[in-house]
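This is entry22.cif (mmCIF, C-alpha atoms).
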```
data_input
loop_
_atom_site.label_atom_id
_atom_site.label_comp_id
_atom_site.auth_asym_id
_atom_site.auth_seq_id
_atom_site.Cartn_x
_atom_site.Cartn_y
_atom_site.Cartn_z
CA MET A 108 43.25 37.06 -53.46
CA ALA A 109 42.96 37.67 -57.19
CA SER A 110 39.24 37.12 -57.53
CA PHE A 111 38.44 39.66 -54.86
CA ASN A 112 40.16 42.31 -56.90
CA ILE A 113 37.61 41.98 -59.71
CA ILE A 114 35.33 44.68 -58.34
CA PRO A 115 32.54 44.41 -60.96
CA LEU A 116 32.31 40.67 -60.24
CA ASN A 117 32.20 41.19 -56.48
CA GLU A 118 29.45 43.76 -56.89
CA LEU A 119 27.33 41.41 -58.99
CA VAL A 120 27.84 38.57 -56.48
CA LEU A 121 26.74 40.95 -53.72
CA GLN A 122 23.54 41.85 -55.56
CA PHE A 123 22.65 38.19 -56.03
CA GLU A 124 23.46 37.50 -52.38
CA LYS A 125 20.88 40.06 -51.27
CA LEU A 126 18.10 37.93 -52.77
CA PRO A 127 16.18 35.82 -50.24
CA GLY A 128 17.48 32.26 -49.92
CA ILE A 129 20.59 32.88 -52.05
CA GLY A 130 23.86 32.18 -50.21
CA LYS A 131 27.43 33.21 -51.01
CA LYS A 132 28.26 30.14 -53.11
CA THR A 133 25.06 30.25 -55.15
CA ALA A 134 25.47 34.00 -55.69
CA GLN A 135 28.94 33.39 -57.12
CA ARG A 136 27.65 30.63 -59.38
CA LEU A 137 24.86 32.87 -60.70
CA ALA A 138 27.22 35.81 -61.28
CA LEU A 139 29.67 33.61 -63.20
CA ASN A 140 26.78 32.26 -65.26
CA ILE A 141 25.98 35.83 -66.35
CA LEU A 142 29.61 36.34 -67.41
CA GLU A 143 29.58 33.13 -69.46
CA GLN A 144 26.68 34.32 -71.57
CA PRO A 145 26.37 36.92 -74.36
CA PRO A 146 26.17 40.57 -73.21
CA GLU A 147 22.54 40.70 -74.43
CA ARG A 148 21.56 38.34 -71.62
CA ALA A 149 22.83 40.73 -68.93
CA GLU A 150 21.27 43.69 -70.74
CA LYS A 151 17.85 42.06 -70.96
CA PHE A 152 18.00 41.01 -67.32
CA ALA A 153 18.92 44.57 -66.31
CA GLU A 154 16.10 45.98 -68.42
CA ALA A 155 13.58 43.55 -66.89
CA LEU A 156 14.65 44.59 -63.38
CA ILE A 157 14.28 48.32 -64.11
CA ASN A 158 11.04 47.87 -66.07
CA ALA A 159 9.33 45.71 -63.48
CA ARG A 160 10.24 48.00 -60.61
CA ARG A 161 9.23 51.18 -62.48
CA LYS A 162 6.04 50.00 -64.18
CA ILE A 163 4.46 47.81 -61.52
CA ARG A 164 2.40 49.59 -58.90
CA PHE A 165 -0.55 48.76 -56.67
CA CYS A 166 -4.04 48.64 -58.19
CA SER A 167 -6.01 51.66 -56.95
CA VAL A 168 -8.96 49.38 -56.19
CA CYS A 169 -7.68 46.08 -54.77
CA GLN A 170 -4.08 47.12 -53.91
CA GLY A 171 -2.74 44.10 -55.83
CA LEU A 172 0.12 44.30 -58.33
CA THR A 173 -0.54 45.79 -61.76
CA ASP A 174 1.16 47.78 -64.50
CA MET A 175 -2.02 49.78 -65.04
CA GLU A 176 -4.06 52.14 -62.85
CA VAL A 177 -6.62 49.39 -62.18
CA CYS A 178 -5.58 45.72 -62.35
CA SER A 179 -6.91 43.23 -64.89
CA VAL A 180 -9.14 41.52 -62.31
CA CYS A 181 -10.77 44.73 -61.04
CA SER A 182 -11.29 46.02 -64.60
CA ASP A 183 -12.72 42.71 -65.90
CA VAL A 184 -16.51 43.11 -66.37
CA ASN A 185 -16.94 39.34 -66.11
CA ARG A 186 -15.62 39.14 -62.56
CA ASP A 187 -18.15 39.14 -59.72
CA LYS A 188 -17.61 42.45 -57.89
CA SER A 189 -19.95 41.43 -55.05
CA VAL A 190 -17.39 38.95 -53.63
CA ILE A 191 -14.00 40.06 -52.32
CA CYS A 192 -11.28 37.63 -51.33
CA VAL A 193 -9.07 39.36 -48.74
CA VAL A 194 -5.42 38.24 -48.79
CA ALA A 195 -2.26 39.34 -47.01
CA GLU A 196 0.22 39.60 -49.90
CA PRO A 197 0.23 40.17 -53.69
CA LYS A 198 1.64 36.67 -54.18
CA ASP A 199 -1.54 35.21 -52.67
CA VAL A 200 -3.54 36.71 -55.57
CA ILE A 201 -1.21 34.90 -57.98
CA ALA A 202 -1.81 31.63 -56.07
CA PHE A 203 -5.60 32.03 -56.27
CA GLU A 204 -5.58 33.00 -59.94
CA LYS A 205 -3.61 29.86 -60.74
CA ILE A 206 -6.37 27.54 -59.55
CA ARG A 207 -8.88 29.18 -61.94
CA GLU A 208 -11.72 28.56 -59.48
CA PHE A 209 -12.47 32.02 -58.16
CA ASN A 210 -14.44 34.55 -60.18
CA GLY A 211 -14.73 37.32 -57.59
CA THR A 212 -12.24 40.09 -56.87
CA TYR A 213 -9.41 40.52 -54.35
CA HIS A 214 -8.21 42.90 -51.71
CA VAL A 215 -4.55 42.85 -50.70
CA LEU A 216 -3.85 43.97 -47.12
CA HIS A 217 -0.05 44.12 -47.55
CA GLY A 218 0.62 42.35 -44.30
CA VAL A 219 -1.14 40.96 -41.24
CA ILE A 220 -1.69 42.40 -37.78
CA SER A 221 1.34 41.47 -35.70
CA PRO A 222 2.02 43.27 -32.41
CA MET A 223 5.36 41.42 -32.18
CA ASP A 224 6.53 43.08 -35.40
CA ASN A 225 4.83 46.35 -34.54
CA ILE A 226 2.28 46.00 -37.35
CA SER A 227 -1.08 47.45 -36.35
CA PRO A 228 -4.35 47.56 -38.37
CA ASN A 229 -3.42 51.11 -39.45
CA ASP A 230 -0.37 49.74 -41.31
CA LEU A 231 -2.58 47.53 -43.50
CA ARG A 232 -4.83 48.52 -46.42
CA ILE A 233 -7.98 48.07 -44.32
CA LYS A 234 -9.17 51.66 -44.86
CA GLU A 235 -9.16 51.00 -48.63
CA LEU A 236 -11.21 47.83 -48.06
CA MET A 237 -13.80 49.70 -45.99
CA THR A 238 -14.11 52.32 -48.75
CA ARG A 239 -14.88 49.54 -51.24
CA LEU A 240 -17.57 48.14 -48.93
CA SER A 241 -19.27 51.51 -48.32
CA ASP A 242 -21.55 51.53 -51.40
CA GLY A 243 -23.38 48.34 -50.36
CA SER A 244 -22.65 46.40 -53.55
CA VAL A 245 -20.44 43.81 -51.85
CA LYS A 246 -22.31 40.79 -50.49
CA GLU A 247 -19.48 38.61 -49.17
CA ILE A 248 -15.87 38.90 -48.13
CA ILE A 249 -13.76 35.75 -47.92
CA MET A 250 -10.96 36.05 -45.36
CA ALA A 251 -8.04 34.24 -46.99
CA THR A 252 -5.17 35.23 -44.71
CA ASN A 253 -2.74 32.45 -43.72
CA PRO A 254 -3.91 29.91 -41.11
CA THR A 255 -1.41 31.33 -38.58
CA VAL A 256 -1.96 33.20 -35.32
CA GLU A 257 -1.46 36.56 -37.07
CA GLY A 258 -3.58 35.55 -40.05
CA GLU A 259 -6.40 34.49 -37.70
CA ALA A 260 -6.17 37.68 -35.67
CA THR A 261 -6.33 39.78 -38.85
CA ALA A 262 -9.32 37.79 -40.14
CA SER A 263 -11.29 38.21 -36.93
CA TYR A 264 -10.37 41.92 -36.65
CA ILE A 265 -11.72 42.63 -40.14
CA SER A 266 -14.69 40.35 -39.53
CA ARG A 267 -15.70 42.44 -36.51
CA LEU A 268 -15.54 45.61 -38.63
CA VAL A 269 -17.47 44.21 -41.58
CA LYS A 270 -20.23 42.07 -40.03
CA PRO A 271 -22.13 45.06 -38.56
CA MET A 272 -22.46 46.36 -42.16
CA GLY A 273 -24.61 43.32 -42.99
CA ILE A 274 -21.95 41.78 -45.22
CA LYS A 275 -21.38 38.03 -45.04
CA VAL A 276 -17.85 37.16 -43.87
CA THR A 277 -16.42 33.70 -44.60
CA ARG A 278 -13.08 32.03 -43.88
CA LEU A 279 -11.17 29.49 -45.96
CA ALA A 280 -11.86 25.91 -44.81
CA TYR A 281 -9.36 24.25 -42.52
CA GLY A 282 -8.68 20.58 -43.10
CA VAL A 283 -6.22 17.96 -44.21
CA PRO A 284 -4.34 18.89 -47.41
CA VAL A 285 -5.35 16.93 -50.51
CA GLY A 286 -2.99 14.02 -51.12
CA SER A 287 -1.46 14.20 -47.64
CA ASP A 288 -1.11 11.38 -45.13
CA LEU A 289 -3.39 11.54 -42.06
CA GLU A 290 -0.61 10.06 -39.96
CA TYR A 291 1.46 13.22 -40.45
CA ALA A 292 -1.35 15.76 -39.96
CA ASP A 293 -0.88 17.77 -36.76
CA GLU A 294 -3.56 17.46 -34.07
CA PHE A 295 -5.00 20.97 -34.60
CA THR A 296 -5.46 20.40 -38.32
CA LEU A 297 -7.03 17.00 -37.73
CA ALA A 298 -9.40 18.41 -35.07
CA ARG A 299 -10.48 21.19 -37.46
CA ALA A 300 -10.95 18.71 -40.29
CA LEU A 301 -13.22 16.68 -38.02
CA GLN A 302 -15.24 19.73 -36.92
CA GLY A 303 -15.64 20.84 -40.53
CA ARG A 304 -16.65 17.43 -41.89
CA ASN A 305 -19.14 17.35 -44.76
CA GLU A 306 -21.80 14.79 -45.74
CA ILE A 307 -20.87 12.83 -48.84
CA MET B 208 -5.36 34.88 -64.95
CA ALA B 209 -4.67 38.32 -63.55
CA SER B 210 -1.04 37.82 -62.61
CA PHE B 211 -0.14 36.65 -66.09
CA ASN B 212 -1.31 39.93 -67.51
CA ILE B 213 1.39 41.84 -65.65
CA ILE B 214 3.90 41.67 -68.48
CA PRO B 215 6.83 43.41 -66.72
CA LEU B 216 6.50 40.93 -63.83
CA ASN B 217 6.38 37.92 -66.16
CA GLU B 218 9.48 39.17 -67.95
CA LEU B 219 11.41 39.54 -64.70
CA VAL B 220 10.33 36.07 -63.54
CA LEU B 221 11.53 34.70 -66.89
CA GLN B 222 14.95 36.29 -66.49
CA PHE B 223 15.37 34.79 -63.02
CA GLU B 224 14.18 31.41 -64.33
CA LYS B 225 17.00 31.36 -66.89
CA LEU B 226 19.57 31.23 -64.08
CA PRO B 227 20.98 27.76 -63.37
CA GLY B 228 19.18 25.92 -60.57
CA ILE B 229 16.37 28.49 -60.27
CA GLY B 230 12.90 26.99 -60.85
CA LYS B 231 9.59 28.68 -61.61
CA LYS B 232 8.51 29.12 -57.99
CA THR B 233 11.84 30.48 -56.81
CA ALA B 234 11.99 32.83 -59.82
CA GLN B 235 8.59 34.24 -58.84
CA ARG B 236 9.67 34.66 -55.23
CA LEU B 237 12.84 36.52 -56.29
CA ALA B 238 10.96 38.79 -58.71
CA LEU B 239 8.36 39.69 -56.04
CA ASN B 240 11.21 40.42 -53.63
CA ILE B 241 12.58 42.99 -56.10
CA LEU B 242 9.15 44.65 -56.29
CA GLU B 243 8.91 44.85 -52.50
CA GLN B 244 12.10 46.84 -52.24
CA PRO B 245 12.97 50.47 -53.07
CA PRO B 246 13.59 51.24 -56.78
CA GLU B 247 17.28 51.87 -55.99
CA ARG B 248 17.69 48.15 -55.27
CA ALA B 249 16.54 47.17 -58.79
CA GLU B 250 18.64 49.96 -60.31
CA LYS B 251 21.82 48.89 -58.51
CA PHE B 252 21.22 45.26 -59.45
CA ALA B 253 20.73 46.26 -63.11
CA GLU B 254 23.87 48.38 -63.04
CA ALA B 255 25.90 45.54 -61.50
CA LEU B 256 24.73 43.16 -64.26
CA ILE B 257 25.64 45.55 -67.06
CA ASN B 258 28.92 46.59 -65.45
CA ALA B 259 30.13 43.07 -64.74
CA ARG B 260 29.31 41.84 -68.23
CA ARG B 261 30.90 44.85 -69.93
CA LYS B 262 34.02 45.32 -67.83
CA ILE B 263 35.08 41.76 -67.15
CA ARG B 264 37.16 40.08 -69.84
CA PHE B 265 39.78 37.35 -69.97
CA CYS B 266 43.33 38.13 -68.83
CA SER B 267 45.58 38.26 -71.91
CA VAL B 268 48.14 36.09 -70.08
CA CYS B 269 46.28 33.42 -68.05
CA GLN B 270 42.81 33.69 -69.67
CA GLY B 271 41.22 34.05 -66.21
CA LEU B 272 38.63 36.70 -65.37
CA THR B 273 39.76 40.28 -64.88
CA ASP B 274 38.57 43.84 -65.36
CA MET B 275 42.04 44.87 -66.54
CA GLU B 276 44.21 43.87 -69.50
CA VAL B 277 46.29 41.59 -67.27
CA CYS B 278 44.76 40.09 -64.11
CA SER B 279 45.93 40.87 -60.57
CA VAL B 280 47.69 37.50 -60.22
CA CYS B 281 49.65 37.77 -63.48
CA SER B 282 50.63 41.38 -62.78
CA ASP B 283 51.67 40.70 -59.17
CA VAL B 284 55.50 40.79 -58.95
CA ASN B 285 55.39 38.66 -55.80
CA ARG B 286 53.79 35.67 -57.54
CA ASP B 287 56.06 32.89 -58.74
CA LYS B 288 55.85 32.98 -62.56
CA SER B 289 57.78 29.71 -62.90
CA VAL B 290 54.80 27.63 -61.68
CA ILE B 291 51.50 27.52 -63.58
CA CYS B 292 48.40 25.85 -62.18
CA VAL B 293 46.24 24.77 -65.16
CA VAL B 294 42.49 24.77 -64.47
CA ALA B 295 39.38 24.20 -66.57
CA GLU B 296 37.21 27.17 -65.54
CA PRO B 297 37.58 30.70 -64.15
CA LYS B 298 35.74 29.63 -60.99
CA ASP B 299 38.56 27.17 -60.23
CA VAL B 300 40.96 30.12 -59.91
CA ILE B 301 38.61 31.64 -57.33
CA ALA B 302 38.59 28.32 -55.42
CA PHE B 303 42.41 28.16 -55.35
CA GLU B 304 42.81 31.81 -54.38
CA LYS B 305 40.48 31.25 -51.42
CA ILE B 306 42.80 28.69 -49.80
CA ARG B 307 45.71 31.21 -49.81
CA GLU B 308 48.22 28.39 -50.28
CA PHE B 309 49.34 28.84 -53.85
CA ASN B 310 51.80 31.55 -54.86
CA GLY B 311 52.25 30.63 -58.52
CA THR B 312 50.10 31.70 -61.47
CA TYR B 313 47.19 30.12 -63.32
CA HIS B 314 46.13 29.16 -66.80
CA VAL B 315 42.43 28.77 -67.56
CA LEU B 316 41.62 26.32 -70.37
CA HIS B 317 37.92 27.30 -70.60
CA GLY B 318 36.72 23.72 -70.74
CA VAL B 319 38.04 20.18 -70.94
CA ILE B 320 38.51 17.81 -73.87
CA SER B 321 35.21 15.98 -74.35
CA PRO B 322 34.54 14.11 -77.62
CA MET B 323 30.96 13.48 -76.41
CA ASP B 324 30.30 17.24 -76.30
CA ASN B 325 32.36 17.86 -79.42
CA ILE B 326 35.06 19.76 -77.50
CA SER B 327 38.49 19.13 -78.97
CA PRO B 328 41.89 20.47 -77.80
CA ASN B 329 41.56 23.26 -80.39
CA ASP B 330 38.52 24.60 -78.54
CA LEU B 331 40.57 25.12 -75.37
CA ARG B 332 43.15 27.80 -74.57
CA ILE B 333 46.02 25.34 -74.97
CA LYS B 334 47.75 27.39 -77.67
CA GLU B 335 47.94 30.32 -75.24
CA LEU B 336 49.48 28.01 -72.62
CA MET B 337 52.13 26.77 -75.07
CA THR B 338 53.02 30.39 -75.91
CA ARG B 339 53.59 31.08 -72.21
CA LEU B 340 55.86 28.04 -71.94
CA SER B 341 57.96 28.91 -75.01
CA ASP B 342 60.43 31.27 -73.29
CA GLY B 343 61.74 28.57 -70.93
CA SER B 344 61.00 30.48 -67.70
CA VAL B 345 58.33 28.03 -66.50
CA LYS B 346 59.63 25.14 -64.41
CA GLU B 347 56.44 23.32 -63.43
CA ILE B 348 52.85 23.07 -64.50
CA ILE B 349 50.29 21.66 -62.08
CA MET B 350 47.38 19.98 -63.84
CA ALA B 351 44.38 20.91 -61.71
CA THR B 352 41.50 19.83 -63.93
CA ASN B 353 38.64 17.97 -62.23
CA PRO B 354 39.19 14.30 -61.26
CA THR B 355 36.73 13.15 -63.95
CA VAL B 356 37.27 11.18 -67.16
CA GLU B 357 37.38 14.40 -69.20
CA GLY B 358 39.60 16.16 -66.66
CA GLU B 359 42.02 13.24 -66.71
CA ALA B 360 42.09 13.08 -70.50
CA THR B 361 42.81 16.81 -70.69
CA ALA B 362 45.57 16.54 -68.08
CA SER B 363 47.33 13.71 -69.90
CA TYR B 364 46.92 15.40 -73.30
CA ILE B 365 48.62 18.56 -72.05
CA SER B 366 51.18 16.53 -70.15
CA ARG B 367 52.25 14.80 -73.39
CA LEU B 368 52.70 18.19 -75.05
CA VAL B 369 54.64 19.78 -72.21
CA LYS B 370 56.95 17.02 -70.92
CA PRO B 371 59.14 16.95 -74.08
CA MET B 372 59.90 20.63 -73.38
CA GLY B 373 61.66 19.57 -70.18
CA ILE B 374 59.01 21.13 -67.94
CA LYS B 375 57.90 19.24 -64.83
CA VAL B 376 54.21 18.28 -64.97
CA THR B 377 52.37 17.42 -61.74
CA ARG B 378 48.79 16.45 -60.94
CA LEU B 379 46.70 17.27 -57.86
CA ALA B 380 46.75 14.45 -55.29
CA TYR B 381 43.85 12.02 -55.20
CA GLY B 382 42.69 10.85 -51.81
CA VAL B 383 39.99 10.86 -49.20
CA PRO B 384 38.55 14.36 -48.55
CA VAL B 385 39.54 15.90 -45.21
CA GLY B 386 36.82 15.35 -42.59
CA SER B 387 35.03 12.70 -44.63
CA ASP B 388 34.04 9.21 -43.48
CA LEU B 389 36.04 6.31 -44.98
CA GLU B 390 32.90 4.19 -45.02
CA TYR B 391 31.39 6.47 -47.64
CA ALA B 392 34.48 6.88 -49.84
CA ASP B 393 34.04 5.17 -53.23
CA GLU B 394 36.40 2.31 -54.07
CA PHE B 395 38.37 4.25 -56.71
CA THR B 396 39.06 7.11 -54.33
CA LEU B 397 40.08 4.71 -51.57
CA ALA B 398 42.37 2.77 -53.90
CA ARG B 399 44.05 6.01 -55.03
CA ALA B 400 44.40 7.19 -51.42
CA LEU B 401 46.17 3.92 -50.62
CA GLN B 402 48.50 4.17 -53.64
CA GLY B 403 49.36 7.76 -52.75
CA ARG B 404 49.98 7.13 -49.04
CA ASN B 405 52.65 9.18 -47.31
CA GLU B 406 54.96 8.39 -44.41
CA ILE B 407 54.02 10.25 -41.23
#
```
Can I see the file as structure tokens?
Amino acid sequence: MASFNIIPLNELVLQFEKLPGIGKKTAQRLALNILEQPPERAEKFAEALINARRKIRFCSVCQGLTDMEVCSVCSDVNRDKSVICVVAEPKDVIAFEKIREFNGTYHVLHGVISPMDNISPNDLRIKELMTRLSDGSVKEIIMATNPTVEGEATASYISRLVKPMGIKVTRLAYGVPVGSDLEYADEFTLARALQGRNEI
Amino acid sequence: MASFNIIPLNELVLQFEKLPGIGKKTAQRLALNILEQPPERAEKFAEALINARRKIRFCSVCQGLTDMEVCSVCSDVNRDKSVICVVAEPKDVIAFEKIREFNGTYHVLHGVISPMDNISPNDLRIKELMTRLSDGSVKEIIMATNPTVEGEATASYISRLVKPMGIKVTRLAYGVPVGSDLEYADEFTLARALQGRNEI
């Protein structure tokens, strides 16, 4: 088995294979692609990996990703600090920023409450959220966890903590996705879309 | 756009996006996966990239991939040096080695003749193949280029060069793939399978 004797190739294939959604065949294709290109390509890729992992940390305010002490949203004087959108993962912040509709700030929980996976409220960045709410400047928190059982449970847990402080708690609207076909909407989604109907 | 201000993240996403078959969304998912894991993961990945690109070169005999001067197939005394399987790309050697059926050696052309892409015989490692054939020890070459127009053209070009030297030239069998459904075989494949039928 000649190919399996090329240890540096096997090691690169292995590293690609560890990525989520990348199988053995794809990993081999990606590794060979690196070999086909100038050495600078591999060097820049390696540098980007090291750089990203070393420089990116969690924002000390919102716990989102940043390469600074405080992220660009939290340090932006034009963002409305009285509204906090609470999300489960850093990638959710990226999704919200893409739509360019939200001018408040974020709070990243780094997970959702899930007894099945042994994730309790203490494992999430809820303490950091409560600290942010303690000075009374926040008027609303928008619970933007996923519309799953765990996401719901997390939203209502935090809601119960925050409401007694006199802060408004809202939840993302449920409904039929834009551009989708009603025929394929599941019954729960359709029922929620009906309950949440708006006058036009 | 907060996320787009995290330069080290953008750079890592960009590097993943340059890989074949990896789109923007997947690249972002892969980059975030690196950030979620311990720094050692990124460091090992970076090291594997640099190592593979620096240490792997082309075997001075068969032009296949190796981290030595001569690859493990060419330097193996148990391999039959009188048979050379000629392939287009290094990955084809890996494919043949996986089936554990072939005990000869390989020659990697690094491409196929393709006037459309401006690839002429001089751009391929044909000269190196002819050098290997010059001492008269090779009895057969198996043309194992892809069953495409370019693969065929390359096979017959090399065949015309080699046959006058008294060396047997063979071509991989065409036919219906094992486990496939005849109904879905294209007419050319089916015609070739009929022409190449064997007595059972």
Written as a PyMOL selection string, which residues does the PyMOL selection byres ((chain A and resi 111-121) around 10) give for the file shown? (chain A and resi 108-110+122-126+130-139+141-142) or (chain B and resi 251-263+272-275+278-280+301+304-305)
Which residues come within 12 Å of Ala260 of chain A, counting only C-alpha atoms, excluding same-chain residues fewer than 2 positions away, as a ChimeraX atom specification? /A:218-222,226-228,250-258,262-267
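Taking atom CA of Pro271 of chain A and atom CA of Leu240 of chain A as the two end points, the separation is 11.7 Å.
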Interatomic distance between atom CA of Pro146 of chain A and atom CA of Arg264 of chain B? 11.5 Å
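Take atom CA of Pro297 of chain B and atom CA of Tyr313 of chain B: the distance between them is 9.7 Å.
Once the PyMOL selection byres ((chain A and resi 217) around 9) is applied to this file, the selection holds Gln170, Gly171, Val194, Ala195, Glu196, Pro197, Val215, Leu216, Gly218, Val219, Asp230, Leu231 and Arg232 of chain A.
Run against this file, the PyMOL selection byres ((chain A and resi 296) around 12) gives back Pro254, Thr255, Ala280, Tyr281, Gly282, Val283, Pro284, Ser287, Leu289, Glu290, Tyr291, Ala292, Asp293, Glu294, Phe295, Leu297, Ala298, Arg299, Ala300, Leu301, Gln302 and Gly303 of chain A.
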Distance criterion (all atoms listed in the file): nearest to chain A out of B:Asp299, B:Glu359, B:Asp388, B:Asp287: B:Asp299
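Of the residues under consideration (B:Arg307, B:Arg339, B:Lys370, B:Lys288), B:Arg307 shows the shortest atom-to-atom contact distance to chain A when counting all atoms listed in the file.
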